[in-house]
Amino acid sequence: MALDSNMVIPAHVALILDGNGRWAKKRGLPRTFGHKEGCVTVEKTVEIAARMGIKYLTVYGFSTENWKRSEEEVGALMQLFRYYMVRLLKIASANNVRVKMIGDRRRFAQDIIDGINRLEEETKDNTGLTFVIAVNYGGRDEIRRAAAKLAEDVKAGKVEAEDITESVFASYLDTADIPYPDLLIRTSGELRLSNYLLWQLAYSEIYITDCLWPDFNRDELIKAIVQFNQRDRRFGGVKA
Ligand code: IPE
Ligand code: IPE
Ligand code: MG
């Protein structure tokens with residue numbers, strides 16, 4: 001499948017990469033095999049997005065609710081983070097990709113926190129795709145943390161309550177310097193947000209595919225972009 005040169009490439013694509021467990025189950029494999037394969041797909045998607053000229057790609061890697069999973073599954077996901085953080089450093093450098101993490105990283109083990117900080121620091125001057133990974137991320141938790149920080153600033157006299165506009169509030173979110181997503185893609189067919197980017201997705205176009213995340217590829221991304229180009233984004237207004 002080819003991208004039509006007249007097509008608008010969304011500047012910011014947000015992804016809920018769902019279906020790793022189902023992909024593994026279909027093959028009679030443990031869920032963690034699906035996560036491994038899903039990580040390979042994330043790597044490929046970063047390269048594809050960077051080449052397509054997408055400016056921001058935000059993926060949901062681990063939610064604030066995913067800690068509810070078995071100790072074994074959470075442990076396997078943490079091991080995969082460790083492994084892929086190192087690989088990502090190489091991929092980011094090779095593709096001029098800047099990496100950023102959103103979510104509350106404080107809950108992770110110290111070596112993972114150090115790895116995240118290092119990834120951000122060593123890629124911060126790259127000027128191509130910004131690859132945002134949401135880890136220990138929840139939209140409600142992000143809004144709660146922003147509200148708490150803002151309350152501190154109001155208490156300290158740095159901000160007046162009447163000056164809190166939407167953009168002032170947004171500047172306290174983890175995504176402060178990131179534009180809102182144009183397109184949200186969710187794989188594996190669930191019709192819900194699962195606590196993803198609740199503030200930021202207010203006017204994003206939503207595309208849901210039955211494709212399981214490990215099977216996602218360039219053609220699937222192009223299908224989503226083709227649909228995005230057929231949408232009429234009105235932002236609450238009226239088109240003539
Ligand atoms: C998404 O796949 C990856 C994470 C949430 C970490 P799932 O693990 O949710 O896969 P399904 O939904 O059970 O198939
Ligand atoms: C959303 O997927 C979270 C991530 C992709 C990291 P889930 O599989 O956790 O969401 P639910 O449980 O189907 O809502
Ligand atoms: Mg799932």
# chains A, B, ... in the order shown; residues from 1 in each chain; ligands from 1
>>> residues_near_ligand(ligand="ligand 2", cutoff="8 Å", atoms="only C-alpha atoms and all ligand atoms", output="MDAnalysis selection string")
chainID A and resid 16:19 59:63 65:66 134:135 190 192:196
>>> residues_around(residues="stretch 89-94 of chain A", least_positions_apart="2", cutoff="8 Å", atoms="only C-alpha atoms", output="PyMOL selection string")
chain A and resi 43+47+85-87+96-99+119+122-123+126
>>> write_last_selection(atoms="N, CA, C and O atoms", output="PDB file, in the first residue's frame")
ATOM      1  N   GLU A  43       9.283  -1.042  17.900  1.00  0.00           N
ATOM      2  CA  GLU A  43      10.538  -0.607  17.254  1.00  0.00           C
ATOM      3  C   GLU A  43      10.321  -0.309  15.772  1.00  0.00           C
ATOM      4  O   GLU A  43      10.749   0.723  15.273  1.00  0.00           O
ATOM      5  N   GLU A  47      10.412   3.452  13.470  1.00  0.00           N
ATOM      6  CA  GLU A  47      11.161   3.703  12.231  1.00  0.00           C
ATOM      7  C   GLU A  47      10.222   4.103  11.085  1.00  0.00           C
ATOM      8  O   GLU A  47      10.526   5.027  10.333  1.00  0.00           O
ATOM      9  N   MET A  85      14.902  -0.435  26.383  1.00  0.00           N
ATOM     10  CA  MET A  85      15.424   0.925  26.598  1.00  0.00           C
ATOM     11  C   MET A  85      16.821   1.059  26.001  1.00  0.00           C
ATOM     12  O   MET A  85      17.160   2.081  25.429  1.00  0.00           O
ATOM     13  N   VAL A  86      17.598  -0.004  26.139  1.00  0.00           N
ATOM     14  CA  VAL A  86      18.959  -0.004  25.599  1.00  0.00           C
ATOM     15  C   VAL A  86      18.915  -0.009  24.070  1.00  0.00           C
ATOM     16  O   VAL A  86      19.608   0.759  23.401  1.00  0.00           O
ATOM     17  N   ARG A  87      18.041  -0.868  23.523  1.00  0.00           N
ATOM     18  CA  ARG A  87      17.909  -0.925  22.056  1.00  0.00           C
ATOM     19  C   ARG A  87      17.386   0.395  21.500  1.00  0.00           C
ATOM     20  O   ARG A  87      17.823   0.865  20.448  1.00  0.00           O
ATOM     21  N   ASN A  96      17.430   9.801  14.294  1.00  0.00           N
ATOM     22  CA  ASN A  96      17.249  11.196  14.709  1.00  0.00           C
ATOM     23  C   ASN A  96      15.971  11.387  15.552  1.00  0.00           C
ATOM     24  O   ASN A  96      15.244  12.361  15.412  1.00  0.00           O
ATOM     25  N   VAL A  97      15.662  10.391  16.378  1.00  0.00           N
ATOM     26  CA  VAL A  97      14.429  10.390  17.167  1.00  0.00           C
ATOM     27  C   VAL A  97      14.691  10.898  18.587  1.00  0.00           C
ATOM     28  O   VAL A  97      15.659  10.487  19.232  1.00  0.00           O
ATOM     29  N   ARG A  98      13.823  11.784  19.046  1.00  0.00           N
ATOM     30  CA  ARG A  98      13.893  12.280  20.429  1.00  0.00           C
ATOM     31  C   ARG A  98      12.903  11.453  21.256  1.00  0.00           C
ATOM     32  O   ARG A  98      11.751  11.273  20.837  1.00  0.00           O
ATOM     33  N   VAL A  99      13.346  10.917  22.375  1.00  0.00           N
ATOM     34  CA  VAL A  99      12.462  10.076  23.191  1.00  0.00           C
ATOM     35  C   VAL A  99      12.044  10.842  24.448  1.00  0.00           C
ATOM     36  O   VAL A  99      12.863  11.517  25.084  1.00  0.00           O
ATOM     37  N   LEU A 119      17.786   7.946  28.456  1.00  0.00           N
ATOM     38  CA  LEU A 119      17.199   7.969  27.107  1.00  0.00           C
ATOM     39  C   LEU A 119      16.769   9.383  26.723  1.00  0.00           C
ATOM     40  O   LEU A 119      17.035   9.853  25.618  1.00  0.00           O
ATOM     41  N   GLU A 122      20.013  11.721  26.392  1.00  0.00           N
ATOM     42  CA  GLU A 122      20.891  11.471  25.247  1.00  0.00           C
ATOM     43  C   GLU A 122      20.224  11.706  23.894  1.00  0.00           C
ATOM     44  O   GLU A 122      20.898  11.768  22.872  1.00  0.00           O
ATOM     45  N   THR A 123      18.892  11.804  23.875  1.00  0.00           N
ATOM     46  CA  THR A 123      18.213  12.002  22.580  1.00  0.00           C
ATOM     47  C   THR A 123      17.587  13.395  22.481  1.00  0.00           C
ATOM     48  O   THR A 123      16.937  13.704  21.480  1.00  0.00           O
ATOM     49  N   ASN A 126      17.858  15.503  19.263  1.00  0.00           N
ATOM     50  CA  ASN A 126      17.448  14.956  17.968  1.00  0.00           C
ATOM     51  C   ASN A 126      16.244  15.746  17.452  1.00  0.00           C
ATOM     52  O   ASN A 126      15.384  16.166  18.227  1.00  0.00           O
TER      53      ASN A 126
END
>>> residues_around(residues="A:Glu205", least_positions_apart="3", cutoff="10 Å", atoms="only C-alpha atoms", output="MDAnalysis selection string")
chainID A and resid 13 181:185 201:202 227:228 231:233
>>> write_last_selection(atoms="N, CA, C and O atoms", output="PDB file, in the first residue's frame")
ATOM      1  N   VAL A  13       0.394  11.238  16.132  1.00  0.00           N
ATOM      2  CA  VAL A  13      -0.389   9.997  16.184  1.00  0.00           C
ATOM      3  C   VAL A  13      -0.237   9.394  17.579  1.00  0.00           C
ATOM      4  O   VAL A  13       0.888   9.202  18.056  1.00  0.00           O
ATOM      5  N   PRO A 181      -2.841  15.166  20.114  1.00  0.00           N
ATOM      6  CA  PRO A 181      -2.860  14.181  19.012  1.00  0.00           C
ATOM      7  C   PRO A 181      -3.919  14.528  17.959  1.00  0.00           C
ATOM      8  O   PRO A 181      -5.018  14.980  18.292  1.00  0.00           O
ATOM      9  N   ASP A 182      -3.567  14.301  16.697  1.00  0.00           N
ATOM     10  CA  ASP A 182      -4.528  14.478  15.605  1.00  0.00           C
ATOM     11  C   ASP A 182      -5.309  13.190  15.404  1.00  0.00           C
ATOM     12  O   ASP A 182      -6.479  13.200  15.080  1.00  0.00           O
ATOM     13  N   LEU A 183      -4.624  12.079  15.579  1.00  0.00           N
ATOM     14  CA  LEU A 183      -5.213  10.773  15.295  1.00  0.00           C
ATOM     15  C   LEU A 183      -4.904   9.809  16.431  1.00  0.00           C
ATOM     16  O   LEU A 183      -3.749   9.707  16.861  1.00  0.00           O
ATOM     17  N   LEU A 184      -5.947   9.136  16.919  1.00  0.00           N
ATOM     18  CA  LEU A 184      -5.755   8.064  17.908  1.00  0.00           C
ATOM     19  C   LEU A 184      -6.030   6.738  17.214  1.00  0.00           C
ATOM     20  O   LEU A 184      -7.085   6.561  16.605  1.00  0.00           O
ATOM     21  N   ILE A 185      -5.085   5.830  17.320  1.00  0.00           N
ATOM     22  CA  ILE A 185      -5.280   4.476  16.777  1.00  0.00           C
ATOM     23  C   ILE A 185      -5.325   3.507  17.946  1.00  0.00           C
ATOM     24  O   ILE A 185      -4.445   3.549  18.816  1.00  0.00           O
ATOM     25  N   LEU A 201      -6.983  14.147  24.102  1.00  0.00           N
ATOM     26  CA  LEU A 201      -7.690  13.521  22.975  1.00  0.00           C
ATOM     27  C   LEU A 201      -9.033  14.178  22.663  1.00  0.00           C
ATOM     28  O   LEU A 201      -9.784  13.673  21.819  1.00  0.00           O
ATOM     29  N   ALA A 202      -9.318  15.309  23.321  1.00  0.00           N
ATOM     30  CA  ALA A 202     -10.647  15.929  23.208  1.00  0.00           C
ATOM     31  C   ALA A 202     -11.140  16.043  21.764  1.00  0.00           C
ATOM     32  O   ALA A 202     -12.309  15.771  21.483  1.00  0.00           O
ATOM     33  N   GLN A 227      -8.018   6.917   6.314  1.00  0.00           N
ATOM     34  CA  GLN A 227      -9.285   7.246   6.995  1.00  0.00           C
ATOM     35  C   GLN A 227      -9.230   8.636   7.581  1.00  0.00           C
ATOM     36  O   GLN A 227     -10.187   9.399   7.490  1.00  0.00           O
ATOM     37  N   PHE A 228      -8.104   8.959   8.206  1.00  0.00           N
ATOM     38  CA  PHE A 228      -7.937  10.276   8.825  1.00  0.00           C
ATOM     39  C   PHE A 228      -8.150  11.374   7.776  1.00  0.00           C
ATOM     40  O   PHE A 228      -8.787  12.387   8.042  1.00  0.00           O
ATOM     41  N   ARG A 231     -11.785  12.279   7.098  1.00  0.00           N
ATOM     42  CA  ARG A 231     -12.572  12.869   8.190  1.00  0.00           C
ATOM     43  C   ARG A 231     -12.707  14.381   8.002  1.00  0.00           C
ATOM     44  O   ARG A 231     -11.828  15.027   7.433  1.00  0.00           O
ATOM     45  N   ASP A 232     -13.778  14.905   8.537  1.00  0.00           N
ATOM     46  CA  ASP A 232     -14.051  16.343   8.482  1.00  0.00           C
ATOM     47  C   ASP A 232     -13.906  16.880   9.903  1.00  0.00           C
ATOM     48  O   ASP A 232     -14.806  16.719  10.719  1.00  0.00           O
ATOM     49  N   ARG A 233     -12.757  17.448  10.190  1.00  0.00           N
ATOM     50  CA  ARG A 233     -12.500  17.906  11.563  1.00  0.00           C
ATOM     51  C   ARG A 233     -13.132  19.282  11.748  1.00  0.00           C
ATOM     52  O   ARG A 233     -12.714  20.250  11.134  1.00  0.00           O
TER      53      ARG A 233
END
>>> atom_distance(atom1="atom CA of A:Thr45", atom2="atom CA of A:Gly138")
22.5 Å
>>> select_by_dssp(residues="stretch 157-229 of chain A", states="strand (DSSP E)", output="list in words")
Leu183, Leu184, Ile185, Arg186, Glu205, Ile206, Tyr207 and Ile208 of chain A
>>> write_last_selection(atoms="all heavy atoms", output="PDB file, in the first residue's frame")
ATOM      1  N   LEU A 183      -4.624  12.079  15.579  1.00  0.00           N
ATOM      2  CA  LEU A 183      -5.213  10.773  15.295  1.00  0.00           C
ATOM      3  C   LEU A 183      -4.904   9.809  16.431  1.00  0.00           C
ATOM      4  O   LEU A 183      -3.749   9.707  16.861  1.00  0.00           O
ATOM      5  CB  LEU A 183      -4.602  10.248  13.974  1.00  0.00           C
ATOM      6  CG  LEU A 183      -4.899   8.816  13.558  1.00  0.00           C
ATOM      7  CD1 LEU A 183      -6.391   8.631  13.276  1.00  0.00           C
ATOM      8  CD2 LEU A 183      -4.095   8.444  12.290  1.00  0.00           C
ATOM      9  N   LEU A 184      -5.947   9.136  16.919  1.00  0.00           N
ATOM     10  CA  LEU A 184      -5.755   8.064  17.908  1.00  0.00           C
ATOM     11  C   LEU A 184      -6.030   6.738  17.214  1.00  0.00           C
ATOM     12  O   LEU A 184      -7.085   6.561  16.605  1.00  0.00           O
ATOM     13  CB  LEU A 184      -6.724   8.222  19.091  1.00  0.00           C
ATOM     14  CG  LEU A 184      -6.777   6.992  20.018  1.00  0.00           C
ATOM     15  CD1 LEU A 184      -5.497   6.872  20.843  1.00  0.00           C
ATOM     16  CD2 LEU A 184      -7.987   7.030  20.942  1.00  0.00           C
ATOM     17  N   ILE A 185      -5.085   5.830  17.320  1.00  0.00           N
ATOM     18  CA  ILE A 185      -5.280   4.476  16.777  1.00  0.00           C
ATOM     19  C   ILE A 185      -5.325   3.507  17.946  1.00  0.00           C
ATOM     20  O   ILE A 185      -4.445   3.549  18.816  1.00  0.00           O
ATOM     21  CB  ILE A 185      -4.124   4.077  15.833  1.00  0.00           C
ATOM     22  CG1 ILE A 185      -4.010   5.066  14.665  1.00  0.00           C
ATOM     23  CG2 ILE A 185      -4.305   2.641  15.332  1.00  0.00           C
ATOM     24  CD1 ILE A 185      -2.783   4.814  13.764  1.00  0.00           C
ATOM     25  N   ARG A 186      -6.348   2.672  17.986  1.00  0.00           N
ATOM     26  CA  ARG A 186      -6.360   1.582  18.978  1.00  0.00           C
ATOM     27  C   ARG A 186      -6.437   0.267  18.225  1.00  0.00           C
ATOM     28  O   ARG A 186      -7.324   0.074  17.383  1.00  0.00           O
ATOM     29  CB  ARG A 186      -7.536   1.706  19.958  1.00  0.00           C
ATOM     30  CG  ARG A 186      -7.502   0.571  20.989  1.00  0.00           C
ATOM     31  CD  ARG A 186      -8.431   0.757  22.167  1.00  0.00           C
ATOM     32  NE  ARG A 186      -8.139  -0.292  23.151  1.00  0.00           N
ATOM     33  CZ  ARG A 186      -8.266  -0.173  24.450  1.00  0.00           C
ATOM     34  NH1 ARG A 186      -8.708   0.948  24.965  1.00  0.00           N
ATOM     35  NH2 ARG A 186      -7.970  -1.168  25.267  1.00  0.00           N
ATOM     36  N   GLU A 205      -9.140  12.517  16.056  1.00  0.00           N
ATOM     37  CA  GLU A 205      -9.918  11.554  15.276  1.00  0.00           C
ATOM     38  C   GLU A 205      -9.574  10.155  15.786  1.00  0.00           C
ATOM     39  O   GLU A 205      -8.414   9.859  16.056  1.00  0.00           O
ATOM     40  CB  GLU A 205      -9.572  11.675  13.789  1.00  0.00           C
ATOM     41  CG  GLU A 205      -9.998  12.998  13.183  1.00  0.00           C
ATOM     42  CD  GLU A 205     -11.499  13.230  13.254  1.00  0.00           C
ATOM     43  OE1 GLU A 205     -12.269  12.262  13.134  1.00  0.00           O
ATOM     44  OE2 GLU A 205     -11.903  14.399  13.438  1.00  0.00           O
ATOM     45  N   ILE A 206     -10.599   9.312  15.908  1.00  0.00           N
ATOM     46  CA  ILE A 206     -10.380   7.978  16.485  1.00  0.00           C
ATOM     47  C   ILE A 206     -10.491   6.903  15.409  1.00  0.00           C
ATOM     48  O   ILE A 206     -11.442   6.900  14.623  1.00  0.00           O
ATOM     49  CB  ILE A 206     -11.407   7.718  17.621  1.00  0.00           C
ATOM     50  CG1 ILE A 206     -11.254   8.800  18.711  1.00  0.00           C
ATOM     51  CG2 ILE A 206     -11.225   6.317  18.212  1.00  0.00           C
ATOM     52  CD1 ILE A 206     -12.314   8.736  19.801  1.00  0.00           C
ATOM     53  N   TYR A 207      -9.494   6.036  15.372  1.00  0.00           N
ATOM     54  CA  TYR A 207      -9.487   4.927  14.409  1.00  0.00           C
ATOM     55  C   TYR A 207      -9.238   3.643  15.192  1.00  0.00           C
ATOM     56  O   TYR A 207      -8.231   3.519  15.888  1.00  0.00           O
ATOM     57  CB  TYR A 207      -8.363   5.152  13.387  1.00  0.00           C
ATOM     58  CG  TYR A 207      -8.187   4.019  12.410  1.00  0.00           C
ATOM     59  CD1 TYR A 207      -8.934   3.959  11.233  1.00  0.00           C
ATOM     60  CD2 TYR A 207      -7.265   3.000  12.658  1.00  0.00           C
ATOM     61  CE1 TYR A 207      -8.762   2.912  10.324  1.00  0.00           C
ATOM     62  CE2 TYR A 207      -7.097   1.954  11.757  1.00  0.00           C
ATOM     63  CZ  TYR A 207      -7.847   1.914  10.598  1.00  0.00           C
ATOM     64  OH  TYR A 207      -7.676   0.883   9.708  1.00  0.00           O
ATOM     65  N   ILE A 208     -10.177   2.709  15.065  1.00  0.00           N
ATOM     66  CA  ILE A 208     -10.020   1.441  15.787  1.00  0.00           C
ATOM     67  C   ILE A 208      -9.970   0.294  14.790  1.00  0.00           C
ATOM     68  O   ILE A 208     -10.783   0.223  13.875  1.00  0.00           O
ATOM     69  CB  ILE A 208     -11.157   1.268  16.823  1.00  0.00           C
ATOM     70  CG1 ILE A 208     -10.970   2.353  17.902  1.00  0.00           C
ATOM     71  CG2 ILE A 208     -11.135  -0.137  17.458  1.00  0.00           C
ATOM     72  CD1 ILE A 208     -12.049   2.473  18.915  1.00  0.00           C
TER      73      ILE A 208
END
>>> residues_around(residues="A:Arg22", least_positions_apart="4", cutoff="9 Å", atoms="only C-alpha atoms", output="PyMOL selection string")
chain A and resi 18+26-27+31+34+188+212
>>> write_last_selection(atoms="N, CA, C and O atoms", output="tab-separated table (two decimals), in the first residue's frame")
chain	number	residue	atom	x	y	z
A	18	ASP	N	-2.90	-2.46	21.79
A	18	ASP	CA	-3.59	-3.48	22.57
A	18	ASP	C	-3.61	-4.80	21.80
A	18	ASP	O	-3.56	-4.82	20.58
A	26	LYS	N	-3.84	-16.92	20.85
A	26	LYS	CA	-4.21	-17.54	19.56
A	26	LYS	C	-3.20	-18.58	19.11
A	26	LYS	O	-3.50	-19.50	18.37
A	27	ARG	N	-1.94	-18.39	19.55
A	27	ARG	CA	-0.85	-19.30	19.16
A	27	ARG	C	-0.53	-20.31	20.25
A	27	ARG	O	0.47	-21.03	20.17
A	31	ARG	N	1.24	-15.15	27.60
A	31	ARG	CA	1.01	-13.74	27.28
A	31	ARG	C	2.31	-12.97	27.05
A	31	ARG	O	2.38	-12.07	26.21
A	34	GLY	N	3.56	-12.50	23.64
A	34	GLY	CA	2.87	-11.43	22.91
A	34	GLY	C	3.52	-10.08	23.19
A	34	GLY	O	3.67	-9.24	22.30
A	188	SER	N	-6.83	-4.02	18.19
A	188	SER	CA	-7.55	-5.10	18.87
A	188	SER	C	-9.01	-4.83	19.18
A	188	SER	O	-9.62	-5.57	19.96
A	212	LEU	N	-4.42	-7.15	15.79
A	212	LEU	CA	-3.77	-7.27	17.10
A	212	LEU	C	-2.41	-6.57	17.03
A	212	LEU	O	-1.75	-6.61	15.98
>>> residues_around(residues="A:Leu77", least_positions_apart="6", cutoff="9 Å", atoms="only C-alpha atoms", output="ChimeraX atom specification")
/A:32,35-36,62
>>> atom_distance(atom1="atom CA of A:Asp125", atom2="atom CA of A:Ala50")
15.4 Å
>>> atom_distance(atom1="atom CA of A:Gly189", atom2="atom CA of A:Val74")
23.1 Å
>>> residues_around(residues="A:Val168", least_positions_apart="5", cutoff="10 Å", atoms="only C-alpha atoms", output="list of chain:residue names")
A:Leu150, A:Val159, A:Asp163, A:Leu173, A:Ala176
>>> closest_residue(among="A:Thr127, A:Thr175, A:Gln230, A:Asn217", to="A:Leu198", atoms="only C-alpha atoms")
A:Thr175
>>> select_by_dssp(residues="stretch 9-239 of chain A", states="helix (DSSP H, G or I)", output="JSON, numbers by chain")
{"A": [20, 21, 22, 23, 24, 25, 26, 31, 32, 33, 34, 35, 36, 37, 38, 39, 40, 41, 42, 43, 44, 45, 46, 47, 48, 49, 50, 51, 52, 66, 67, 68, 71, 72, 73, 74, 75, 76, 77, 78, 79, 80, 81, 82, 83, 84, 85, 86, 87, 88, 89, 90, 91, 92, 93, 94, 105, 106, 107, 110, 111, 112, 113, 114, 115, 116, 117, 118, 119, 120, 121, 122, 123, 139, 140, 141, 142, 143, 144, 145, 146, 147, 148, 149, 150, 151, 152, 153, 154, 155, 161, 162, 163, 166, 167, 168, 169, 170, 213, 214, 215, 218, 219, 220, 221, 222, 223, 224, 225, 226, 227, 228, 229, 230]}
>>> residues_around(residues="A:Ala170", least_positions_apart="2", cutoff="12 Å", atoms="only C-alpha atoms", output="list in words")
Glu142, Ile143, Arg145, Ala146, Ala147, Lys149, Leu150, Ile164, Thr165, Glu166, Ser167, Val168, Tyr172, Leu173, Asp174, Thr175, Ala176, Asp177, Ile178, Pro179, Tyr180, Leu197, Leu198, Trp199 and Gln200 of chain A
>>> write_last_selection(atoms="N, CA, C and O atoms", output="mmCIF file, in the first residue's frame")
data_model
loop_
_atom_site.group_PDB
_atom_site.id
_atom_site.type_symbol
_atom_site.label_atom_id
_atom_site.label_comp_id
_atom_site.auth_asym_id
_atom_site.auth_seq_id
_atom_site.Cartn_x
_atom_site.Cartn_y
_atom_site.Cartn_z
ATOM 1 N N GLU A 142 -2.533 11.811 35.626
ATOM 2 C CA GLU A 142 -1.801 12.964 35.077
ATOM 3 C C GLU A 142 -2.524 14.268 35.441
ATOM 4 O O GLU A 142 -1.885 15.243 35.853
ATOM 5 N N ILE A 143 -3.841 14.269 35.297
ATOM 6 C CA ILE A 143 -4.625 15.474 35.607
ATOM 7 C C ILE A 143 -4.557 15.764 37.116
ATOM 8 O O ILE A 143 -4.389 16.913 37.536
ATOM 9 N N ARG A 145 -2.056 14.959 39.136
ATOM 10 C CA ARG A 145 -0.714 15.483 39.450
ATOM 11 C C ARG A 145 -0.570 16.925 38.986
ATOM 12 O O ARG A 145 0.034 17.763 39.677
ATOM 13 N N ALA A 146 -1.161 17.238 37.831
ATOM 14 C CA ALA A 146 -1.099 18.621 37.326
ATOM 15 C C ALA A 146 -1.839 19.557 38.282
ATOM 16 O O ALA A 146 -1.339 20.643 38.616
ATOM 17 N N ALA A 147 -3.016 19.121 38.730
ATOM 18 C CA ALA A 147 -3.818 19.957 39.639
ATOM 19 C C ALA A 147 -3.066 20.191 40.946
ATOM 20 O O ALA A 147 -3.065 21.312 41.483
ATOM 21 N N LYS A 149 0.233 20.205 41.414
ATOM 22 C CA LYS A 149 1.360 21.130 41.159
ATOM 23 C C LYS A 149 0.851 22.559 41.025
ATOM 24 O O LYS A 149 1.445 23.500 41.553
ATOM 25 N N LEU A 150 -0.251 22.704 40.326
ATOM 26 C CA LEU A 150 -0.845 24.027 40.123
ATOM 27 C C LEU A 150 -1.301 24.608 41.465
ATOM 28 O O LEU A 150 -1.078 25.790 41.751
ATOM 29 N N ILE A 164 -6.000 30.973 35.558
ATOM 30 C CA ILE A 164 -5.854 29.579 35.089
ATOM 31 C C ILE A 164 -6.713 29.343 33.844
ATOM 32 O O ILE A 164 -7.893 28.997 33.946
ATOM 33 N N THR A 165 -6.113 29.562 32.698
ATOM 34 C CA THR A 165 -6.785 29.278 31.426
ATOM 35 C C THR A 165 -6.538 27.812 31.075
ATOM 36 O O THR A 165 -5.739 27.136 31.739
ATOM 37 N N GLU A 166 -7.156 27.330 29.997
ATOM 38 C CA GLU A 166 -6.898 25.950 29.558
ATOM 39 C C GLU A 166 -5.417 25.766 29.235
ATOM 40 O O GLU A 166 -4.831 24.735 29.560
ATOM 41 N N SER A 167 -4.814 26.781 28.599
ATOM 42 C CA SER A 167 -3.399 26.578 28.236
ATOM 43 C C SER A 167 -2.500 26.626 29.466
ATOM 44 O O SER A 167 -1.479 25.926 29.508
ATOM 45 N N VAL A 168 -2.867 27.412 30.482
ATOM 46 C CA VAL A 168 -2.078 27.386 31.724
ATOM 47 C C VAL A 168 -2.194 25.991 32.343
ATOM 48 O O VAL A 168 -1.200 25.378 32.721
ATOM 49 N N TYR A 172 0.830 22.310 32.881
ATOM 50 C CA TYR A 172 1.181 21.502 34.062
ATOM 51 C C TYR A 172 1.081 19.999 33.780
ATOM 52 O O TYR A 172 1.442 19.188 34.613
ATOM 53 N N LEU A 173 0.576 19.644 32.594
ATOM 54 C CA LEU A 173 0.460 18.221 32.252
ATOM 55 C C LEU A 173 1.819 17.683 31.805
ATOM 56 O O LEU A 173 2.716 18.454 31.457
ATOM 57 N N ASP A 174 1.958 16.363 31.797
ATOM 58 C CA ASP A 174 3.218 15.736 31.348
ATOM 59 C C ASP A 174 3.509 16.091 29.892
ATOM 60 O O ASP A 174 4.647 16.028 29.442
ATOM 61 N N THR A 175 2.449 16.417 29.144
ATOM 62 C CA THR A 175 2.574 16.675 27.710
ATOM 63 C C THR A 175 2.730 18.167 27.409
ATOM 64 O O THR A 175 2.460 18.595 26.278
ATOM 65 N N ALA A 176 3.167 18.948 28.412
ATOM 66 C CA ALA A 176 3.210 20.414 28.288
ATOM 67 C C ALA A 176 3.753 20.919 26.949
ATOM 68 O O ALA A 176 3.180 21.823 26.352
ATOM 69 N N ASP A 177 4.829 20.334 26.457
ATOM 70 C CA ASP A 177 5.435 20.863 25.224
ATOM 71 C C ASP A 177 5.107 20.017 23.989
ATOM 72 O O ASP A 177 5.795 20.086 22.981
ATOM 73 N N ILE A 178 4.035 19.238 24.079
ATOM 74 C CA ILE A 178 3.661 18.339 22.974
ATOM 75 C C ILE A 178 2.280 18.755 22.449
ATOM 76 O O ILE A 178 1.356 18.908 23.252
ATOM 77 N N PRO A 179 2.124 18.930 21.133
ATOM 78 C CA PRO A 179 0.789 19.294 20.636
ATOM 79 C C PRO A 179 -0.214 18.154 20.859
ATOM 80 O O PRO A 179 0.189 17.005 21.041
ATOM 81 N N TYR A 180 -1.504 18.466 20.816
ATOM 82 C CA TYR A 180 -2.515 17.426 21.029
ATOM 83 C C TYR A 180 -2.516 16.437 19.852
ATOM 84 O O TYR A 180 -2.231 16.829 18.722
ATOM 85 N N LEU A 197 -4.654 9.671 27.777
ATOM 86 C CA LEU A 197 -4.631 11.067 27.312
ATOM 87 C C LEU A 197 -6.008 11.748 27.352
ATOM 88 O O LEU A 197 -6.454 12.325 26.351
ATOM 89 N N LEU A 198 -6.664 11.663 28.495
ATOM 90 C CA LEU A 198 -8.063 12.105 28.588
ATOM 91 C C LEU A 198 -8.253 13.575 28.206
ATOM 92 O O LEU A 198 -9.222 13.927 27.559
ATOM 93 N N TRP A 199 -7.328 14.418 28.622
ATOM 94 C CA TRP A 199 -7.412 15.854 28.285
ATOM 95 C C TRP A 199 -7.044 16.077 26.815
ATOM 96 O O TRP A 199 -7.721 16.799 26.078
ATOM 97 N N GLN A 200 -5.974 15.419 26.381
ATOM 98 C CA GLN A 200 -5.367 15.717 25.083
ATOM 99 C C GLN A 200 -6.166 15.196 23.896
ATOM 100 O O GLN A 200 -6.038 15.699 22.785
#
